[in-house]
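Listing of upload08.pdb, PDB, C-alpha atoms
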```pdb
ATOM      1  CA  GLN A   1      33.378  57.032 104.809  1.00  0.00           C
ATOM      2  CA  LYS A   2      36.108  57.280 102.210  1.00  0.00           C
ATOM      3  CA  GLU A   3      38.380  54.271 102.089  1.00  0.00           C
ATOM      4  CA  VAL A   4      41.557  56.274 101.521  1.00  0.00           C
ATOM      5  CA  GLU A   5      41.768  59.885 102.609  1.00  0.00           C
ATOM      6  CA  GLN A   6      44.269  62.526 101.665  1.00  0.00           C
ATOM      7  CA  ASN A   7      44.313  66.274 102.108  1.00  0.00           C
ATOM      8  CA  SER A   8      43.841  67.714  98.627  1.00  0.00           C
ATOM      9  CA  GLY A   9      46.197  70.636  99.304  1.00  0.00           C
ATOM     10  CA  PRO A  10      47.917  72.391  97.787  1.00  0.00           C
ATOM     11  CA  LEU A  11      50.804  71.830 100.143  1.00  0.00           C
ATOM     12  CA  SER A  12      53.322  74.593  99.527  1.00  0.00           C
ATOM     13  CA  VAL A  13      56.951  74.210 100.609  1.00  0.00           C
ATOM     14  CA  PRO A  14      60.094  76.147  99.684  1.00  0.00           C
ATOM     15  CA  GLU A  15      62.865  74.496  97.723  1.00  0.00           C
ATOM     16  CA  GLY A  16      65.143  72.471  99.973  1.00  0.00           C
ATOM     17  CA  ALA A  17      62.519  71.890 102.666  1.00  0.00           C
ATOM     18  CA  ILE A  18      60.932  68.613 103.732  1.00  0.00           C
ATOM     19  CA  ALA A  19      57.488  67.933 102.314  1.00  0.00           C
ATOM     20  CA  SER A  20      55.262  65.677 104.397  1.00  0.00           C
ATOM     21  CA  LEU A  21      52.297  63.996 102.732  1.00  0.00           C
ATOM     22  CA  ASN A  22      49.775  62.028 104.747  1.00  0.00           C
ATOM     23  CA  CYS A  23      47.202  59.354 104.073  1.00  0.00           C
ATOM     24  CA  THR A  24      44.734  57.435 106.237  1.00  0.00           C
ATOM     25  CA  TYR A  25      42.834  54.322 105.289  1.00  0.00           C
ATOM     26  CA  SER A  26      39.793  52.553 106.664  1.00  0.00           C
ATOM     27  CA  ASP A  27      40.366  48.848 105.911  1.00  0.00           C
ATOM     28  CA  ARG A  28      42.380  47.307 108.755  1.00  0.00           C
ATOM     29  CA  GLY A  29      43.078  44.253 106.629  1.00  0.00           C
ATOM     30  CA  SER A  30      45.073  46.238 104.086  1.00  0.00           C
ATOM     31  CA  GLN A  31      48.510  44.791 103.584  1.00  0.00           C
ATOM     32  CA  SER A  32      50.352  46.913 101.072  1.00  0.00           C
ATOM     33  CA  PHE A  33      50.589  50.613 100.462  1.00  0.00           C
ATOM     34  CA  PHE A  34      51.811  52.599  97.512  1.00  0.00           C
ATOM     35  CA  TRP A  35      52.742  56.167  96.683  1.00  0.00           C
ATOM     36  CA  TYR A  36      52.385  57.371  93.119  1.00  0.00           C
ATOM     37  CA  ARG A  37      53.316  60.732  91.658  1.00  0.00           C
ATOM     38  CA  GLN A  38      51.187  62.241  88.914  1.00  0.00           C
ATOM     39  CA  TYR A  39      52.218  65.283  86.933  1.00  0.00           C
ATOM     40  CA  SER A  40      49.462  67.330  85.353  1.00  0.00           C
ATOM     41  CA  GLY A  41      48.158  65.610  82.227  1.00  0.00           C
ATOM     42  CA  LYS A  42      50.272  62.512  82.826  1.00  0.00           C
ATOM     43  CA  SER A  43      49.625  59.070  84.265  1.00  0.00           C
ATOM     44  CA  PRO A  44      50.597  57.986  87.782  1.00  0.00           C
ATOM     45  CA  GLU A  45      54.148  56.737  88.254  1.00  0.00           C
ATOM     46  CA  LEU A  46      55.230  54.632  91.198  1.00  0.00           C
ATOM     47  CA  ILE A  47      57.485  56.259  93.782  1.00  0.00           C
ATOM     48  CA  MET A  48      57.602  53.506  96.343  1.00  0.00           C
ATOM     49  CA  PHE A  49      55.652  50.880  98.225  1.00  0.00           C
ATOM     50  CA  ILE A  50      55.683  49.710 101.814  1.00  0.00           C
ATOM     51  CA  TYR A  51      54.370  46.564 103.459  1.00  0.00           C
ATOM     52  CA  SER A  52      55.753  46.606 106.996  1.00  0.00           C
ATOM     53  CA  ASN A  53      55.327  48.996 109.894  1.00  0.00           C
ATOM     54  CA  GLY A  54      58.090  51.552 110.196  1.00  0.00           C
ATOM     55  CA  ASP A  55      60.097  53.533 107.701  1.00  0.00           C
ATOM     56  CA  LYS A  56      61.351  52.696 104.240  1.00  0.00           C
ATOM     57  CA  GLU A  57      63.823  55.000 102.557  1.00  0.00           C
ATOM     58  CA  ASP A  58      64.638  55.390  98.872  1.00  0.00           C
ATOM     59  CA  GLY A  59      66.838  58.330  98.011  1.00  0.00           C
ATOM     60  CA  ARG A  60      65.095  61.553  99.016  1.00  0.00           C
ATOM     61  CA  PHE A  61      61.847  59.697  99.710  1.00  0.00           C
ATOM     62  CA  THR A  62      60.819  58.000 102.954  1.00  0.00           C
ATOM     63  CA  ALA A  63      57.552  56.134 103.376  1.00  0.00           C
ATOM     64  CA  GLN A  64      56.237  55.603 106.889  1.00  0.00           C
ATOM     65  CA  LEU A  65      53.583  53.081 107.852  1.00  0.00           C
ATOM     66  CA  ASN A  66      51.662  52.724 111.096  1.00  0.00           C
ATOM     67  CA  LYS A  67      49.080  49.976 110.747  1.00  0.00           C
ATOM     68  CA  ALA A  68      47.722  50.453 114.261  1.00  0.00           C
ATOM     69  CA  SER A  69      46.823  54.035 113.419  1.00  0.00           C
ATOM     70  CA  GLN A  70      45.945  53.160 109.814  1.00  0.00           C
ATOM     71  CA  TYR A  71      48.265  55.868 108.632  1.00  0.00           C
ATOM     72  CA  VAL A  72      50.853  56.052 105.896  1.00  0.00           C
ATOM     73  CA  SER A  73      52.983  59.037 104.982  1.00  0.00           C
ATOM     74  CA  LEU A  74      55.565  60.126 102.444  1.00  0.00           C
ATOM     75  CA  LEU A  75      58.416  62.455 103.281  1.00  0.00           C
ATOM     76  CA  ILE A  76      60.337  64.193 100.533  1.00  0.00           C
ATOM     77  CA  ARG A  77      63.650  65.629 101.678  1.00  0.00           C
ATOM     78  CA  ASP A  78      65.403  68.491  99.903  1.00  0.00           C
ATOM     79  CA  SER A  79      62.260  69.228  97.883  1.00  0.00           C
ATOM     80  CA  GLN A  80      62.817  70.442  94.336  1.00  0.00           C
ATOM     81  CA  PRO A  81      60.499  72.388  92.019  1.00  0.00           C
ATOM     82  CA  SER A  82      60.422  69.254  89.847  1.00  0.00           C
ATOM     83  CA  ASP A  83      58.703  67.483  92.763  1.00  0.00           C
ATOM     84  CA  SER A  84      55.651  69.685  92.205  1.00  0.00           C
ATOM     85  CA  ALA A  85      52.911  67.216  91.310  1.00  0.00           C
ATOM     86  CA  THR A  86      49.937  65.407  92.780  1.00  0.00           C
ATOM     87  CA  TYR A  87      50.849  62.526  95.083  1.00  0.00           C
ATOM     88  CA  LEU A  88      48.447  59.607  95.195  1.00  0.00           C
ATOM     89  CA  CYS A  89      48.235  57.206  98.085  1.00  0.00           C
ATOM     90  CA  ALA A  90      46.972  53.733  97.164  1.00  0.00           C
ATOM     91  CA  VAL A  91      46.041  50.869  99.435  1.00  0.00           C
ATOM     92  CA  ASN A  92      45.699  47.228  98.511  1.00  0.00           C
ATOM     93  CA  THR A  93      42.445  46.123 100.125  1.00  0.00           C
ATOM     94  CA  GLY A  94      42.214  42.661  98.616  1.00  0.00           C
ATOM     95  CA  PHE A  95      43.359  40.493  95.794  1.00  0.00           C
ATOM     96  CA  GLN A  96      44.454  42.877  93.055  1.00  0.00           C
ATOM     97  CA  LYS A  97      42.204  45.616  94.394  1.00  0.00           C
ATOM     98  CA  LEU A  98      43.992  48.932  94.738  1.00  0.00           C
ATOM     99  CA  VAL A  99      42.014  51.830  96.219  1.00  0.00           C
ATOM    100  CA  PHE A 100      43.324  55.337  95.586  1.00  0.00           C
ATOM    101  CA  GLY A 101      42.949  58.566  97.481  1.00  0.00           C
ATOM    102  CA  THR A 102      42.130  61.782  95.665  1.00  0.00           C
ATOM    103  CA  GLY A 103      45.741  62.915  95.923  1.00  0.00           C
ATOM    104  CA  THR A 104      47.613  65.797  97.524  1.00  0.00           C
ATOM    105  CA  ARG A 105      48.895  68.539  95.291  1.00  0.00           C
ATOM    106  CA  LEU A 106      52.436  69.586  96.200  1.00  0.00           C
ATOM    107  CA  LEU A 107      53.921  72.917  95.126  1.00  0.00           C
ATOM    108  CA  VAL A 108      57.633  73.485  95.644  1.00  0.00           C
ATOM    109  CA  SER A 109      58.641  77.094  95.148  1.00  0.00           C
ATOM    110  CA  PRO A 110      62.171  78.066  94.036  1.00  0.00           C
TER     111      PRO A 110
ATOM    112  CA  GLU B   1      58.274  54.672  79.827  1.00  0.00           C
ATOM    113  CA  THR B   2      56.698  52.026  82.041  1.00  0.00           C
ATOM    114  CA  GLY B   3      56.322  49.312  79.414  1.00  0.00           C
ATOM    115  CA  VAL B   4      52.570  49.896  79.135  1.00  0.00           C
ATOM    116  CA  THR B   5      51.313  51.629  75.994  1.00  0.00           C
ATOM    117  CA  GLN B   6      47.878  52.961  75.217  1.00  0.00           C
ATOM    118  CA  THR B   7      46.243  54.127  72.000  1.00  0.00           C
ATOM    119  CA  PRO B   8      44.817  56.479  71.088  1.00  0.00           C
ATOM    120  CA  ARG B   9      46.169  59.119  73.448  1.00  0.00           C
ATOM    121  CA  HIS B  10      43.260  61.459  72.750  1.00  0.00           C
ATOM    122  CA  LEU B  11      39.761  60.656  71.528  1.00  0.00           C
ATOM    123  CA  VAL B  12      36.732  62.797  70.788  1.00  0.00           C
ATOM    124  CA  MET B  13      33.523  60.951  70.083  1.00  0.00           C
ATOM    125  CA  GLY B  14      29.849  61.600  69.771  1.00  0.00           C
ATOM    126  CA  MET B  15      27.301  59.851  71.915  1.00  0.00           C
ATOM    127  CA  THR B  16      26.271  57.521  69.101  1.00  0.00           C
ATOM    128  CA  ASN B  17      29.777  56.461  68.097  1.00  0.00           C
ATOM    129  CA  LYS B  18      31.514  53.174  68.764  1.00  0.00           C
ATOM    130  CA  LYS B  19      35.220  53.279  69.517  1.00  0.00           C
ATOM    131  CA  SER B  20      37.813  51.113  71.224  1.00  0.00           C
ATOM    132  CA  LEU B  21      40.732  51.874  73.491  1.00  0.00           C
ATOM    133  CA  LYS B  22      43.770  49.651  73.273  1.00  0.00           C
ATOM    134  CA  CYS B  23      46.369  48.799  75.893  1.00  0.00           C
ATOM    135  CA  GLU B  24      49.496  46.688  75.476  1.00  0.00           C
ATOM    136  CA  GLN B  25      52.015  45.738  78.131  1.00  0.00           C
ATOM    137  CA  HIS B  26      55.574  44.580  77.461  1.00  0.00           C
ATOM    138  CA  LEU B  27      56.444  43.618  81.038  1.00  0.00           C
ATOM    139  CA  GLY B  28      55.497  39.960  81.066  1.00  0.00           C
ATOM    140  CA  HIS B  29      52.706  40.662  83.534  1.00  0.00           C
ATOM    141  CA  ASN B  30      49.570  38.565  83.722  1.00  0.00           C
ATOM    142  CA  ALA B  31      47.072  40.970  85.270  1.00  0.00           C
ATOM    143  CA  MET B  32      45.663  44.051  83.553  1.00  0.00           C
ATOM    144  CA  TYR B  33      43.351  46.807  84.712  1.00  0.00           C
ATOM    145  CA  TRP B  34      41.173  49.632  83.424  1.00  0.00           C
ATOM    146  CA  TYR B  35      40.758  52.749  85.564  1.00  0.00           C
ATOM    147  CA  LYS B  36      38.783  55.931  85.055  1.00  0.00           C
ATOM    148  CA  GLN B  37      40.125  59.229  86.352  1.00  0.00           C
ATOM    149  CA  SER B  38      37.776  62.202  86.477  1.00  0.00           C
ATOM    150  CA  ALA B  39      38.584  65.659  87.778  1.00  0.00           C
ATOM    151  CA  LYS B  40      38.505  65.962  91.577  1.00  0.00           C
ATOM    152  CA  LYS B  41      37.812  62.243  91.986  1.00  0.00           C
ATOM    153  CA  PRO B  42      40.081  59.360  92.916  1.00  0.00           C
ATOM    154  CA  LEU B  43      41.028  56.786  90.340  1.00  0.00           C
ATOM    155  CA  GLU B  44      38.110  54.413  89.919  1.00  0.00           C
ATOM    156  CA  LEU B  45      38.846  50.785  89.195  1.00  0.00           C
ATOM    157  CA  MET B  46      36.640  49.573  86.344  1.00  0.00           C
ATOM    158  CA  PHE B  47      37.829  46.105  85.360  1.00  0.00           C
ATOM    159  CA  VAL B  48      40.516  43.616  86.328  1.00  0.00           C
ATOM    160  CA  TYR B  49      41.727  40.728  84.211  1.00  0.00           C
ATOM    161  CA  SER B  50      43.924  38.056  85.712  1.00  0.00           C
ATOM    162  CA  LEU B  51      45.321  35.386  83.415  1.00  0.00           C
ATOM    163  CA  GLU B  52      42.910  36.674  80.753  1.00  0.00           C
ATOM    164  CA  GLU B  53      39.898  36.061  82.963  1.00  0.00           C
ATOM    165  CA  ARG B  54      37.799  38.966  84.241  1.00  0.00           C
ATOM    166  CA  VAL B  55      37.932  38.944  88.026  1.00  0.00           C
ATOM    167  CA  GLU B  56      36.515  42.354  88.824  1.00  0.00           C
ATOM    168  CA  ASN B  57      33.760  44.459  87.371  1.00  0.00           C
ATOM    169  CA  ASN B  58      33.053  47.450  89.547  1.00  0.00           C
ATOM    170  CA  SER B  59      29.418  48.056  88.589  1.00  0.00           C
ATOM    171  CA  VAL B  60      30.479  49.653  85.342  1.00  0.00           C
ATOM    172  CA  PRO B  61      27.676  50.528  82.870  1.00  0.00           C
ATOM    173  CA  SER B  62      27.292  48.122  79.989  1.00  0.00           C
ATOM    174  CA  ARG B  63      28.236  50.848  77.510  1.00  0.00           C
ATOM    175  CA  PHE B  64      31.812  49.967  78.541  1.00  0.00           C
ATOM    176  CA  SER B  65      32.837  46.503  77.386  1.00  0.00           C
ATOM    177  CA  PRO B  66      36.303  45.124  78.121  1.00  0.00           C
ATOM    178  CA  GLU B  67      38.133  42.454  76.177  1.00  0.00           C
ATOM    179  CA  CYS B  68      41.369  40.669  77.023  1.00  0.00           C
ATOM    180  CA  PRO B  69      42.434  38.378  74.158  1.00  0.00           C
ATOM    181  CA  ASN B  70      45.790  37.510  75.780  1.00  0.00           C
ATOM    182  CA  SER B  71      47.894  38.537  78.748  1.00  0.00           C
ATOM    183  CA  SER B  72      49.582  41.362  76.830  1.00  0.00           C
ATOM    184  CA  HIS B  73      46.565  43.107  75.344  1.00  0.00           C
ATOM    185  CA  LEU B  74      43.503  44.748  76.807  1.00  0.00           C
ATOM    186  CA  PHE B  75      40.727  46.620  75.049  1.00  0.00           C
ATOM    187  CA  LEU B  76      37.898  48.810  76.223  1.00  0.00           C
ATOM    188  CA  HIS B  77      35.039  48.997  73.738  1.00  0.00           C
ATOM    189  CA  LEU B  78      32.917  52.123  74.007  1.00  0.00           C
ATOM    190  CA  HIS B  79      29.332  52.417  72.785  1.00  0.00           C
ATOM    191  CA  THR B  80      26.712  55.167  73.197  1.00  0.00           C
ATOM    192  CA  LEU B  81      28.663  56.996  75.857  1.00  0.00           C
ATOM    193  CA  GLN B  82      27.407  59.984  77.814  1.00  0.00           C
ATOM    194  CA  PRO B  83      29.151  63.346  78.313  1.00  0.00           C
ATOM    195  CA  GLU B  84      29.835  62.409  81.948  1.00  0.00           C
ATOM    196  CA  ASP B  85      32.023  59.573  80.663  1.00  0.00           C
ATOM    197  CA  SER B  86      34.581  62.141  79.551  1.00  0.00           C
ATOM    198  CA  ALA B  87      37.700  61.385  81.577  1.00  0.00           C
ATOM    199  CA  LEU B  88      41.224  60.002  81.468  1.00  0.00           C
ATOM    200  CA  TYR B  89      41.149  56.236  81.002  1.00  0.00           C
ATOM    201  CA  LEU B  90      44.176  54.481  82.360  1.00  0.00           C
ATOM    202  CA  CYS B  91      45.395  50.983  81.771  1.00  0.00           C
ATOM    203  CA  ALA B  92      47.701  49.268  84.239  1.00  0.00           C
ATOM    204  CA  SER B  93      49.381  45.902  84.571  1.00  0.00           C
ATOM    205  CA  SER B  94      50.931  43.884  87.354  1.00  0.00           C
ATOM    206  CA  GLN B  95      52.345  40.466  88.072  1.00  0.00           C
ATOM    207  CA  ASP B  96      49.570  38.334  89.507  1.00  0.00           C
ATOM    208  CA  LYS B  97      50.529  37.390  93.060  1.00  0.00           C
ATOM    209  CA  THR B  98      48.522  36.336  96.059  1.00  0.00           C
ATOM    210  CA  GLY B  99      49.040  37.847  99.457  1.00  0.00           C
ATOM    211  CA  ALA B 100      50.146  41.425  99.700  1.00  0.00           C
ATOM    212  CA  GLY B 101      49.485  42.297  96.098  1.00  0.00           C
ATOM    213  CA  GLU B 102      51.814  43.588  93.469  1.00  0.00           C
ATOM    214  CA  THR B 103      52.770  46.968  92.099  1.00  0.00           C
ATOM    215  CA  GLN B 104      50.681  48.249  89.226  1.00  0.00           C
ATOM    216  CA  TYR B 105      52.340  50.097  86.369  1.00  0.00           C
ATOM    217  CA  PHE B 106      50.293  52.570  84.395  1.00  0.00           C
ATOM    218  CA  GLY B 107      50.145  53.444  80.747  1.00  0.00           C
ATOM    219  CA  PRO B 108      50.008  57.076  79.587  1.00  0.00           C
ATOM    220  CA  GLY B 109      46.224  57.087  79.398  1.00  0.00           C
ATOM    221  CA  THR B 110      43.604  58.004  76.831  1.00  0.00           C
ATOM    222  CA  ARG B 111      41.971  61.395  77.273  1.00  0.00           C
ATOM    223  CA  LEU B 112      38.363  60.894  76.185  1.00  0.00           C
ATOM    224  CA  LEU B 113      35.893  63.647  75.400  1.00  0.00           C
ATOM    225  CA  VAL B 114      32.288  62.727  74.692  1.00  0.00           C
ATOM    226  CA  LEU B 115      30.257  65.378  72.939  1.00  0.00           C
TER     227      LEU B 115
END
```
Write the structure described by the file as structure tokens, please.
Amino acid sequence: QKEVEQNSGPLSVPEGAIASLNCTYSDRGSQSFFWYRQYSGKSPELIMFIYSNGDKEDGRFTAQLNKASQYVSLLIRDSQPSDSATYLCAVNTGFQKLVFGTGTRLLVSP
Amino acid sequence: ETGVTQTPRHLVMGMTNKKSLKCEQHLGHNAMYWYKQSAKKPLELMFVYSLEERVENNSVPSRFSPECPNSSHLFLHLHTLQPEDSALYLCASSQDKTGAGETQYFGPGTRLLVL
């Protein structure tokens, strides 16, 4: 069983729509959760992190965490073509151990 | 720019070569990481150094040898690699904290091709 699962996509949304990216994880002891964005040929860059159940908003991005369901999601409001990238979910499963999903490719069409 | 630099950015090497990848962080962090990213696979953690001491070695073949001379520099020495080692090698750093963990910041990566 994969530790962190994401749908590989591509997830296609029109410009201006809400993109919803989902991630599930297997380790119930995980305490912190991260979303990274990776453009083709580039390295991952942090979008946001979340530690507590509920929602955390930062600009057009909202991370949602449900530890009981072992589920974390990222919502992107007013999606732009520049948001087209692969979004990586990462889960901290222990001291300095970050486990990544394979990523969801997002395509935002003008 | 994240404050983490890597050199070289691209590397082509034969299976009998010896080369080294270099990573430097300018963030005042005290933990550094090497990851491997292959196509269609998640990022694989290779090594973790905390306060210049190796704390994680994820069953990486001995043809990969890390070195951390101080908290700002990390090297990955490569020797007799195989074509399947071709990948993007990413360095990251974070501030060493217990508990919930700390955000890792990535360098631009080294794209390695082994012929």
Using CA of Thr104 in chain A and CA of Ile50 in chain A as the two end points, give the distance in Å to one decimal. 18.5 Å
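Between CA of Asn92 in chain A and CA of Ile18 in chain A the separation is 26.8 Å.
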Got a sec to pull out which chain B residues are within 12 Å of chain A, counting only C-alpha atoms, and send them as a ChimeraX atom specification? /B:1-6,9-10,30-50,54-58,87-111
So how far away is CA of Leu74 in chain B from CA of Val114 in chain B, in Å? 21.3 Å
Give me, as a ChimeraX atom specification, all polymer residues having an atom no more than 8 Å from Ser12 in chain A, counting all atoms listed in the file and skipping those fewer than 4 positions away in the same chain. /A:106-109
At a cut-off of 7 Å, using all atoms listed in the file, what residues contact Glu15 in chain A? Leave out same-chain residues fewer than 4 positions from it and give the result as an NGL selection string. :A and (78-81 or 108-110)
Residue neighbourhood Glu3 in chain A, 7 Å, only C-alpha atoms, exclusion window fewer than 3 positions, as a list of chain:residue names: A:Tyr25, A:Ser26, A:Asp27
The selected residues should be written to file as a short mmCIF file (atom, residue, chain, number, x, y, z; two decimals), in the coordinates of the input (atoms: C-alpha atoms).
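Contents of the output file again20.cif:
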```cif
data_model
loop_
_atom_site.label_atom_id
_atom_site.label_comp_id
_atom_site.auth_asym_id
_atom_site.auth_seq_id
_atom_site.Cartn_x
_atom_site.Cartn_y
_atom_site.Cartn_z
CA TYR A 25 42.83 54.32 105.29
CA SER A 26 39.79 52.55 106.66
CA ASP A 27 40.37 48.85 105.91
#
```
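The residues caught by the PyMOL selection byres ((chain A and resi 67) around 9) in this file are Arg28, Ser30, Gln31, Ser52, Asn53, Leu65, Asn66, Ala68, Ser69, Gln70, Tyr71 and Val72 of chain A.
With all atoms listed in the file as the atoms that count, the residue of B:Thr16, B:Lys22, B:Thr80, B:Leu113 with the shortest distance to Ser62 in chain B is B:Thr80.
Here the PyMOL selection byres ((chain B and resi 64) around 9) captures the residues Val60, Pro61, Ser62, Arg63, Ser65, Pro66, Leu76, His77, Leu78, His79 and Leu81 of chain B.
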Fewer than 3 positions away in the same chain doesn't count, so skip those; otherwise give me all residues within 9 Å of Ser20 in chain A, counting only C-alpha atoms, as a list in words. Leu11, Ser73, Leu74, Leu75, Ile76 and Arg77 of chain A
